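K.L.:
Quick one: structure below, then a few questions.
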There are 2 protein chains.
Amino acid sequence: MAEGFKVTPWEVSGDIDYEELQRKFGTTPLDAVTVGKISKGGEPHFMLRRGVFYSHRDINAIIDAAGKGKPFVLYTGRGPSGDTHLGHLMPWVFCKWLQDTFGVPMYFQMTDDEKFLFRDMTLEETRAMAYDNALDFVALGFDPAKTKIILDTENIRTLYPIALKVAKKITFSTARAVFGFDNSNNIGTIFFTAIQAAPAFLPTEEAGEEVLCLIPCGIDQDPHFRVARDVAPGLGYPKPSLIYCKMFPSLGGGDKMSSSDEMGTIFVTDGPKAVKKKVGRAFTGGRVTVEEQRELGGNPDVCAVYKYNYCLFEPDDSKLEAMERKCRAGEILCGECKQDLTAKINVFLEGHRAAREEAKAHMGSMAYGGFEW
Amino acid sequence: MAEGFKVTPWEVSGDIDYEELQRKFGTTPLDAVTVGKISKGGEPHFMLRRGVFYSHRDINAIIDAAGKGKPFVLYTGRGPSGDTHLGHLMPWVFCKWLQDTFGVPMYFQMTDDEKFLFRDMTLEETRAMAYDNALDFVALGFDPAKTKIILDTENIRTLYPIALKVAKKITFSTARAVFGFDNSNNIGTIFFTAIQAAPAFLPTEEAGEEVLCLIPCGIDQDPHFRVARDVAPGLGYPKPSLIYCKMFPSLGGGDKMSSSDEMGTIFVTDGPKAVKKKVGRAFTGGRVTVEEQRELGGNPDVCAVYKYNYCLFEPDDSKLEAMERKCRAGEILCGECKQDLTAKINVFLEGHRAAREEAKAHMGSMAYGGFEW
């Protein structure tokens, strides 16, 4: 079972054993002391409390440095291959909290080049999608004065010299071992990781080339940053620190929400009816009949509806615990939970779409280096 | 013997059999009809008359199109890894003649990224060298209104989207087969050919993306453009045409002048004394003693001094023939020929260095897209 999963930046499949993945990748579990430090003594974000963000590389170094007044930057990104869905928003919600907590700059890299190289899409398509996806990011409320959107094809003049330095340190052997490339990969895909590494090494006015960078992202992105960390010292850059989340689950019960699984995925563009329909068909931990459920209770551990509350829609621990308890006790039925989640999602999406419209006004000033969309 | 040579964009060694190379690469010999067309009915350039430029791909298509009033562009380049030497200048002299003959635009690509990736040089070093090498190109008299210098790291914003399209069509298998890459190559070197292809596909105002491009260069560059031609139709671009020259010989008698062979190479920076010393030590077709030479004659076929006149310093065929005849007849001695060549080179270099100073005034306006050096 544990053998039956695969996690790379371009493919996630099977039932993911996150503990094993952590061991395999060599990342470090987030412990209570570290969570406390990240939260600066305040209430940890619910994604930290619940282990949605669960693993890291060297995050203590950057948090300790920040505590001593050293500046750092946040960096995350998105491969613009389709409409944004809830699985993309989840880590960004956490990113926004991190920015608020530390008051630091944030780079958001849109890898329109990557999606062109790996998918059957034109550059015009990936670029248009980049604008659209970036709206969803900005809509979450990042500080417009401290947040910059990097669009690879537009900012390549800045990224390329850094990417060249990174690329010079990575052999094809390494790229093949880390990413699973073979001889049929196109030469753009082989080079690409150097472009994804580059924002972590962007010099700033404050810190010059000694920039400390913290990258919150899905653990599927670890291969990129494992390589970036390996080459950093040889280039005179500090190693970037990472904090990793688990994948956002599919409504169908699978371990990762995926654009190719239309019914298991809620896009930001989904209207109330579509959301109702999709949540209505979600995989739950319910019993076959109402009678059985009342008598034996449900199983939230396997329930997509419960997971959605756990990961994103129920920040209040006591409410989440009540939901779990009632489910196991047979006090609530799946229909009620689905109705409740549908309402929560629709309220969220309505607000989000309004925020998206307002975000348009900030897209120009947030474009890194002032490129025109 | 014919097995004992190697020609790639990054390595030329052994005694080159140019006929075999042509067969191996699959390029076409330049015949008299084609040479006549390239010369537009006028006197062919001496490098065409003498087969210094000797092979091509599809040049008739572009010359015929030009005859019907279709615009085309010229494109050549240089990897800025060291001071310019006579071996670099040779094809540029021909490029200048082509530009004059057809009155067409010329792109000159400086691959500072390539030399960074393939050599033990910093980007600052390859960039500084790019400026310096470009001065030598401009000094040859290219039309400042029609000639643009592309510096890869500066013009990457324009080159990158084209390079991505090219890269998406080239697998690692192909790159390995064509360039001889192995697992130890860094991932930048593997991607690089896509950047070298890009200027051939730069859209122009006149022709849009249907740009016809003629690339004059050393035949060692054919692997790059063989691949570029293969992918062009799938991207909607015309295949670039090529015209190839042989390598400029070493003063030491080898088939290629090389920067690493200091005594066999005349750099544009060499003063009169250095030139005298280097030419004085040149490998010639002379006999062991003056008496033998007077009696048996010399052998210009193997003589570096004769080859220098043949390839670059004696455009006048009758003078070249006289030189050959007298040599074979024992009427002149190597010392005389060396003295004559030394004088020619020093006169050329003195004028060239003056022209280099004047070229500085044009470097700004010739920077593609107006980048600042």
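Chain labels follow the order of the structure tokens: the first chain is A, the next B, and so on; residue numbering restarts at 1 in every chain, and ligands are counted from 1 in their shown order.
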Kindly determine which residues of chain A lie within 8 Å of chain B, considering only C-alpha atoms, and give the answer as a count of residues only.

P.N.:
30

K.L.:
Using only C-alpha atoms, what table do you get, as CSV, when you list each residue of range 171-274 of chain B with an atom no more than 12 Å from range 347-359 of chain B, its nearest pair of atoms, and their distance in Å rounded to one decimal, rows by chain then rising number?

P.N.:
```
residue,atom,partner,partner_atom,distance
B:Ile266,CA,B:Leu349,CA,9.9
B:Phe267,CA,B:Leu349,CA,9.1
B:Val268,CA,B:Leu349,CA,6.3
B:Thr269,CA,B:Arg353,CA,8.1
B:Asp270,CA,B:Leu349,CA,8.2
B:Gly271,CA,B:Leu349,CA,8.2
B:Pro272,CA,B:Leu349,CA,8.7
B:Ala274,CA,B:Leu349,CA,11.8
```

K.L.:
I need the residues from that last selection saved to file as a PDB file, in the first residue's frame (with N, CA, C and O atoms), if you can.

P.N.:
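What follows is the written file again32.pdb:
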```
ATOM      1  N   ILE B 266      46.868  34.441 -33.729  1.00  0.00           N
ATOM      2  CA  ILE B 266      47.100  35.880 -33.712  1.00  0.00           C
ATOM      3  C   ILE B 266      45.825  36.578 -33.262  1.00  0.00           C
ATOM      4  O   ILE B 266      44.778  36.502 -33.922  1.00  0.00           O
ATOM      5  N   PHE B 267      45.932  37.223 -32.121  1.00  0.00           N
ATOM      6  CA  PHE B 267      44.810  37.950 -31.548  1.00  0.00           C
ATOM      7  C   PHE B 267      44.814  39.379 -32.076  1.00  0.00           C
ATOM      8  O   PHE B 267      45.875  39.908 -32.433  1.00  0.00           O
ATOM      9  N   VAL B 268      43.641  40.002 -32.077  1.00  0.00           N
ATOM     10  CA  VAL B 268      43.576  41.391 -32.540  1.00  0.00           C
ATOM     11  C   VAL B 268      44.367  42.320 -31.624  1.00  0.00           C
ATOM     12  O   VAL B 268      44.717  43.430 -32.013  1.00  0.00           O
ATOM     13  N   THR B 269      44.638  41.823 -30.417  1.00  0.00           N
ATOM     14  CA  THR B 269      45.382  42.641 -29.464  1.00  0.00           C
ATOM     15  C   THR B 269      46.900  42.497 -29.634  1.00  0.00           C
ATOM     16  O   THR B 269      47.660  43.208 -28.977  1.00  0.00           O
ATOM     17  N   ASP B 270      47.333  41.590 -30.505  1.00  0.00           N
ATOM     18  CA  ASP B 270      48.775  41.372 -30.678  1.00  0.00           C
ATOM     19  C   ASP B 270      49.441  42.564 -31.362  1.00  0.00           C
ATOM     20  O   ASP B 270      49.009  42.997 -32.443  1.00  0.00           O
ATOM     21  N   GLY B 271      50.487  43.080 -30.762  1.00  0.00           N
ATOM     22  CA  GLY B 271      51.250  44.179 -31.345  1.00  0.00           C
ATOM     23  C   GLY B 271      52.194  43.664 -32.433  1.00  0.00           C
ATOM     24  O   GLY B 271      52.338  42.451 -32.629  1.00  0.00           O
ATOM     25  N   PRO B 272      52.844  44.591 -33.158  1.00  0.00           N
ATOM     26  CA  PRO B 272      53.720  44.214 -34.278  1.00  0.00           C
ATOM     27  C   PRO B 272      54.799  43.206 -33.896  1.00  0.00           C
ATOM     28  O   PRO B 272      55.073  42.279 -34.669  1.00  0.00           O
ATOM     29  N   ALA B 274      54.724  40.921 -31.451  1.00  0.00           N
ATOM     30  CA  ALA B 274      54.136  39.599 -31.207  1.00  0.00           C
ATOM     31  C   ALA B 274      53.794  38.928 -32.535  1.00  0.00           C
ATOM     32  O   ALA B 274      54.028  37.727 -32.721  1.00  0.00           O
TER      33      ALA B 274
END
```

K.L.:
To one decimal in Å, tell me the separation between CA of Leu251 in chain A and CA of Lys278 in chain A.

P.N.:
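Result for CA of Leu251 in chain A versus CA of Lys278 in chain A: 7.6 Å, one decimal.
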
K.L.:
Quick check, in Å to one decimal: how far apart do CA of Asn346 in chain B and CA of Val279 in chain B lie?

P.N.:
10.9 Å

K.L.:
Determine, counting only C-alpha atoms, which protein, DNA and RNA residues have an atom within 10 Å of an atom of Pro240 in chain B; residues of the same chain fewer than 4 positions away are not included. Present the result as a PyMOL selection string.

P.N.:
chain B and resi 57-59+61-62+73-75+197+200-201+211-215+225-226+228-230+232

K.L.:
State, in Å with one decimal place, the distance from CA of Gly41 in chain B to CA of Cys245 in chain B.

P.N.:
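Atom-to-atom, CA of Gly41 in chain B and CA of Cys245 in chain B are spaced 21.2 Å apart.
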
K.L.:
Please identify the alpha helix (DSSP H) residues within range 71-244 of chain B (assignment by DSSP from backbone atoms) and present them as a ChimeraX atom specification.

P.N.:
/B:86-102,112-118,123-138,152-168,172-179,187-197,222-235

K.L.:
Looking only at strand (DSSP E or B) from DSSP on the backbone, list the matching residues of range 118-348 of chain B as a PyMOL selection string.

P.N.:
chain B and resi 147-151+171+186+204+208+212-218+241-245+267

K.L.:
Let's have the selection written as a PDB file, in the first residue's frame, with N, CA, C and O atoms.

P.N.:
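In the end it all went to selection_8.pdb:
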```pdb
ATOM      1  N   THR B 147      22.432  46.628 -38.483  1.00  0.00           N
ATOM      2  CA  THR B 147      23.092  45.558 -37.743  1.00  0.00           C
ATOM      3  C   THR B 147      22.750  45.669 -36.264  1.00  0.00           C
ATOM      4  O   THR B 147      22.839  46.747 -35.684  1.00  0.00           O
ATOM      5  N   LYS B 148      22.331  44.558 -35.678  1.00  0.00           N
ATOM      6  CA  LYS B 148      21.977  44.556 -34.260  1.00  0.00           C
ATOM      7  C   LYS B 148      22.778  43.491 -33.523  1.00  0.00           C
ATOM      8  O   LYS B 148      22.870  42.349 -33.976  1.00  0.00           O
ATOM      9  N   ILE B 149      23.324  43.883 -32.392  1.00  0.00           N
ATOM     10  CA  ILE B 149      24.057  42.940 -31.547  1.00  0.00           C
ATOM     11  C   ILE B 149      23.110  42.415 -30.477  1.00  0.00           C
ATOM     12  O   ILE B 149      22.501  43.186 -29.731  1.00  0.00           O
ATOM     13  N   ILE B 150      22.984  41.102 -30.432  1.00  0.00           N
ATOM     14  CA  ILE B 150      22.156  40.449 -29.420  1.00  0.00           C
ATOM     15  C   ILE B 150      23.081  39.941 -28.322  1.00  0.00           C
ATOM     16  O   ILE B 150      24.040  39.223 -28.614  1.00  0.00           O
ATOM     17  N   LEU B 151      22.820  40.352 -27.091  1.00  0.00           N
ATOM     18  CA  LEU B 151      23.583  39.808 -25.960  1.00  0.00           C
ATOM     19  C   LEU B 151      22.599  38.934 -25.178  1.00  0.00           C
ATOM     20  O   LEU B 151      21.614  39.432 -24.630  1.00  0.00           O
ATOM     21  N   THR B 171      14.150  16.462 -27.714  1.00  0.00           N
ATOM     22  CA  THR B 171      14.298  15.565 -26.563  1.00  0.00           C
ATOM     23  C   THR B 171      15.766  15.475 -26.147  1.00  0.00           C
ATOM     24  O   THR B 171      16.671  15.818 -26.915  1.00  0.00           O
ATOM     25  N   ASN B 186      25.943  19.683 -17.558  1.00  0.00           N
ATOM     26  CA  ASN B 186      25.004  20.434 -16.731  1.00  0.00           C
ATOM     27  C   ASN B 186      23.748  20.764 -17.538  1.00  0.00           C
ATOM     28  O   ASN B 186      23.770  20.803 -18.772  1.00  0.00           O
ATOM     29  N   THR B 204      10.224  39.949 -37.710  1.00  0.00           N
ATOM     30  CA  THR B 204      10.562  41.313 -38.116  1.00  0.00           C
ATOM     31  C   THR B 204       9.277  42.028 -38.520  1.00  0.00           C
ATOM     32  O   THR B 204       8.259  41.386 -38.808  1.00  0.00           O
ATOM     33  N   GLY B 208       6.995  39.547 -40.362  1.00  0.00           N
ATOM     34  CA  GLY B 208       6.292  38.870 -39.271  1.00  0.00           C
ATOM     35  C   GLY B 208       7.088  37.656 -38.824  1.00  0.00           C
ATOM     36  O   GLY B 208       8.300  37.756 -38.617  1.00  0.00           O
ATOM     37  N   LEU B 212      12.848  34.879 -43.422  1.00  0.00           N
ATOM     38  CA  LEU B 212      13.886  34.049 -44.038  1.00  0.00           C
ATOM     39  C   LEU B 212      15.220  34.478 -43.436  1.00  0.00           C
ATOM     40  O   LEU B 212      15.521  35.662 -43.349  1.00  0.00           O
ATOM     41  N   CYS B 213      15.989  33.488 -43.035  1.00  0.00           N
ATOM     42  CA  CYS B 213      17.238  33.779 -42.325  1.00  0.00           C
ATOM     43  C   CYS B 213      18.385  32.981 -42.926  1.00  0.00           C
ATOM     44  O   CYS B 213      18.264  31.769 -43.137  1.00  0.00           O
ATOM     45  N   LEU B 214      19.485  33.670 -43.202  1.00  0.00           N
ATOM     46  CA  LEU B 214      20.699  33.020 -43.719  1.00  0.00           C
ATOM     47  C   LEU B 214      21.798  33.157 -42.673  1.00  0.00           C
ATOM     48  O   LEU B 214      22.100  34.261 -42.226  1.00  0.00           O
ATOM     49  N   ILE B 215      22.364  32.017 -42.311  1.00  0.00           N
ATOM     50  CA  ILE B 215      23.358  31.983 -41.245  1.00  0.00           C
ATOM     51  C   ILE B 215      24.723  31.594 -41.805  1.00  0.00           C
ATOM     52  O   ILE B 215      24.930  30.433 -42.155  1.00  0.00           O
ATOM     53  N   PRO B 216      25.646  32.555 -41.936  1.00  0.00           N
ATOM     54  CA  PRO B 216      27.016  32.209 -42.334  1.00  0.00           C
ATOM     55  C   PRO B 216      27.818  31.903 -41.067  1.00  0.00           C
ATOM     56  O   PRO B 216      27.819  32.700 -40.133  1.00  0.00           O
ATOM     57  N   CYS B 217      28.482  30.762 -41.028  1.00  0.00           N
ATOM     58  CA  CYS B 217      29.263  30.408 -39.833  1.00  0.00           C
ATOM     59  C   CYS B 217      30.179  29.245 -40.127  1.00  0.00           C
ATOM     60  O   CYS B 217      30.128  28.653 -41.212  1.00  0.00           O
ATOM     61  N   GLY B 218      31.004  28.909 -39.159  1.00  0.00           N
ATOM     62  CA  GLY B 218      31.875  27.751 -39.288  1.00  0.00           C
ATOM     63  C   GLY B 218      31.053  26.473 -39.295  1.00  0.00           C
ATOM     64  O   GLY B 218      30.012  26.390 -38.630  1.00  0.00           O
ATOM     65  N   SER B 241      18.480  29.017 -43.663  1.00  0.00           N
ATOM     66  CA  SER B 241      19.497  28.534 -44.596  1.00  0.00           C
ATOM     67  C   SER B 241      20.876  28.780 -43.994  1.00  0.00           C
ATOM     68  O   SER B 241      21.049  29.681 -43.177  1.00  0.00           O
ATOM     69  N   LEU B 242      21.823  27.970 -44.425  1.00  0.00           N
ATOM     70  CA  LEU B 242      23.164  28.063 -43.852  1.00  0.00           C
ATOM     71  C   LEU B 242      24.210  28.125 -44.952  1.00  0.00           C
ATOM     72  O   LEU B 242      24.032  27.511 -46.005  1.00  0.00           O
ATOM     73  N   ILE B 243      25.286  28.864 -44.688  1.00  0.00           N
ATOM     74  CA  ILE B 243      26.471  28.770 -45.539  1.00  0.00           C
ATOM     75  C   ILE B 243      27.678  28.638 -44.612  1.00  0.00           C
ATOM     76  O   ILE B 243      27.858  29.442 -43.688  1.00  0.00           O
ATOM     77  N   TYR B 244      28.456  27.576 -44.852  1.00  0.00           N
ATOM     78  CA  TYR B 244      29.491  27.167 -43.902  1.00  0.00           C
ATOM     79  C   TYR B 244      30.903  27.365 -44.429  1.00  0.00           C
ATOM     80  O   TYR B 244      31.184  27.044 -45.580  1.00  0.00           O
ATOM     81  N   CYS B 245      31.771  27.837 -43.546  1.00  0.00           N
ATOM     82  CA  CYS B 245      33.189  27.922 -43.902  1.00  0.00           C
ATOM     83  C   CYS B 245      33.988  26.859 -43.165  1.00  0.00           C
ATOM     84  O   CYS B 245      33.525  26.263 -42.194  1.00  0.00           O
ATOM     85  N   PHE B 267      45.932  37.223 -32.121  1.00  0.00           N
ATOM     86  CA  PHE B 267      44.810  37.950 -31.548  1.00  0.00           C
ATOM     87  C   PHE B 267      44.814  39.379 -32.076  1.00  0.00           C
ATOM     88  O   PHE B 267      45.875  39.908 -32.433  1.00  0.00           O
TER      89      PHE B 267
END
```

K.L.:
Skip range 27-31 of chain A itself and residues of its chain fewer than 4 positions away, then list as a compact mmCIF listing (two decimals) with N, CA, C and O atoms, in the first residue's frame all residues within 12 Å of it, counting only C-alpha atoms.

P.N.:
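Written file, part19.txt:
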```txt
# COMPACT_ATOMS: atom_id res chain seq x y z
N TYR A 18 2.22 10.20 4.11
CA TYR A 18 2.99 11.43 4.30
C TYR A 18 4.20 11.25 5.22
O TYR A 18 5.20 11.96 5.08
N GLU A 19 4.11 10.30 6.14
CA GLU A 19 5.27 10.05 7.00
C GLU A 19 6.38 9.43 6.18
O GLU A 19 7.55 9.82 6.29
N GLU A 20 6.00 8.48 5.34
CA GLU A 20 7.02 7.83 4.53
C GLU A 20 7.62 8.82 3.54
O GLU A 20 8.83 8.80 3.27
N LEU A 21 6.77 9.69 2.98
CA LEU A 21 7.24 10.69 2.02
C LEU A 21 8.30 11.58 2.67
O LEU A 21 9.34 11.90 2.08
N GLN A 22 8.01 11.96 3.90
CA GLN A 22 8.93 12.80 4.67
C GLN A 22 10.27 12.10 4.86
O GLN A 22 11.33 12.72 4.70
N ARG A 23 10.21 10.82 5.17
CA ARG A 23 11.45 10.06 5.34
C ARG A 23 12.20 9.95 4.02
O ARG A 23 13.41 10.13 3.96
N VAL A 35 6.49 25.02 15.79
CA VAL A 35 5.18 25.63 15.52
C VAL A 35 4.99 26.86 16.40
O VAL A 35 4.50 27.90 15.94
N GLY A 36 5.41 26.76 17.66
CA GLY A 36 5.30 27.90 18.57
C GLY A 36 6.10 29.09 18.07
O GLY A 36 5.64 30.23 18.09
N LYS A 37 7.31 28.81 17.59
CA LYS A 37 8.17 29.89 17.10
C LYS A 37 7.58 30.55 15.85
O LYS A 37 7.61 31.77 15.71
N ILE A 38 7.06 29.71 14.97
CA ILE A 38 6.47 30.25 13.74
C ILE A 38 5.28 31.16 14.09
O ILE A 38 5.00 32.13 13.41
N MET A 47 -3.84 25.41 10.24
CA MET A 47 -3.14 24.43 9.39
C MET A 47 -1.87 23.91 10.05
O MET A 47 -1.41 22.82 9.74
N LEU A 48 -1.31 24.71 10.98
CA LEU A 48 -0.17 24.24 11.77
C LEU A 48 -0.65 23.34 12.91
O LEU A 48 -0.09 22.28 13.17
N ARG A 49 -1.74 23.77 13.58
CA ARG A 49 -2.28 22.98 14.70
C ARG A 49 -2.67 21.59 14.24
O ARG A 49 -2.52 20.61 14.97
N ARG A 50 -3.17 21.49 13.01
CA ARG A 50 -3.72 20.22 12.53
C ARG A 50 -2.75 19.43 11.66
O ARG A 50 -3.10 18.39 11.10
N GLY A 51 -1.55 19.94 11.49
CA GLY A 51 -0.58 19.20 10.69
C GLY A 51 -0.88 19.21 9.19
O GLY A 51 -0.44 18.32 8.47
N VAL A 52 -1.65 20.18 8.72
CA VAL A 52 -1.81 20.32 7.27
C VAL A 52 -0.45 20.77 6.71
O VAL A 52 0.06 20.21 5.74
N PHE A 53 0.13 21.79 7.31
CA PHE A 53 1.57 22.04 7.12
C PHE A 53 2.26 21.19 8.17
O PHE A 53 2.00 21.32 9.38
N TYR A 54 3.10 20.28 7.71
CA TYR A 54 3.56 19.24 8.64
C TYR A 54 5.06 18.96 8.60
O TYR A 54 5.56 18.19 9.43
N SER A 55 5.76 19.56 7.65
CA SER A 55 7.15 19.18 7.49
C SER A 55 7.95 20.40 7.04
O SER A 55 7.39 21.39 6.56
N HIS A 56 9.26 20.35 7.20
CA HIS A 56 10.05 21.54 6.85
C HIS A 56 11.50 21.18 6.58
O HIS A 56 11.93 20.04 6.79
N ARG A 57 12.21 22.17 6.07
CA ARG A 57 13.67 22.11 5.99
C ARG A 57 14.20 23.41 6.58
O ARG A 57 13.90 24.49 6.05
N ASP A 58 14.92 23.30 7.64
CA ASP A 58 15.67 24.45 8.20
C ASP A 58 14.82 25.66 8.54
O ASP A 58 15.32 26.80 8.46
N ILE A 59 13.57 25.47 8.94
CA ILE A 59 12.75 26.66 9.19
C ILE A 59 13.19 27.37 10.47
O ILE A 59 13.07 28.60 10.59
N ASN A 60 13.77 26.62 11.42
CA ASN A 60 14.19 27.27 12.66
C ASN A 60 15.25 28.34 12.41
O ASN A 60 15.23 29.40 13.05
N ILE A 219 4.35 19.55 -0.51
CA ILE A 219 5.56 18.72 -0.40
C ILE A 219 5.94 18.11 -1.75
O ILE A 219 7.09 17.69 -1.94
N ASP A 220 5.02 18.12 -2.70
CA ASP A 220 5.35 17.62 -4.04
C ASP A 220 6.42 18.46 -4.72
O ASP A 220 7.05 18.02 -5.68
N ASP A 222 9.13 19.50 -3.26
CA ASP A 222 10.42 19.35 -2.58
C ASP A 222 11.58 19.02 -3.52
O ASP A 222 12.68 19.55 -3.33
N PRO A 223 11.40 18.18 -4.56
CA PRO A 223 12.55 17.89 -5.42
C PRO A 223 13.23 19.15 -5.97
O PRO A 223 14.46 19.26 -5.98
N PHE A 225 13.39 22.11 -4.61
CA PHE A 225 14.09 22.91 -3.61
C PHE A 225 15.19 22.14 -2.89
O PHE A 225 16.12 22.74 -2.34
N ARG A 226 15.09 20.80 -2.94
CA ARG A 226 16.19 19.98 -2.46
C ARG A 226 17.43 20.29 -3.31
O ARG A 226 18.52 20.49 -2.80
N SER A 241 14.85 28.08 3.20
CA SER A 241 14.12 27.21 4.13
C SER A 241 12.76 26.88 3.53
O SER A 241 12.23 27.62 2.71
N LEU A 242 12.21 25.76 3.94
CA LEU A 242 10.93 25.29 3.37
C LEU A 242 9.96 24.93 4.47
O LEU A 242 10.38 24.44 5.52
N ILE A 243 8.67 25.16 4.20
CA ILE A 243 7.63 24.58 5.05
C ILE A 243 6.58 23.98 4.12
O ILE A 243 6.10 24.63 3.19
N TYR A 244 6.31 22.69 4.35
CA TYR A 244 5.55 21.90 3.40
C TYR A 244 4.17 21.51 3.92
O TYR A 244 4.03 21.09 5.07
N CYS A 245 3.18 21.59 3.03
CA CYS A 245 1.85 21.08 3.38
C CYS A 245 1.56 19.79 2.62
O CYS A 245 2.21 19.45 1.64
```

K.L.:
Counting only C-alpha atoms, which of B:Ala282, B:Cys327, B:Ile16, B:Cys311 gets nearest to Gly298 in chain B?

P.N.:
B:Cys327

K.L.:
With only C-alpha atoms as the atoms that count, which of B:Thr126, B:Gly87, B:Glu206, B:Asn133 lies nearest to Val104 in chain B?

P.N.:
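The answer is B:Glu206, which sits nearest to Val104 in chain B.
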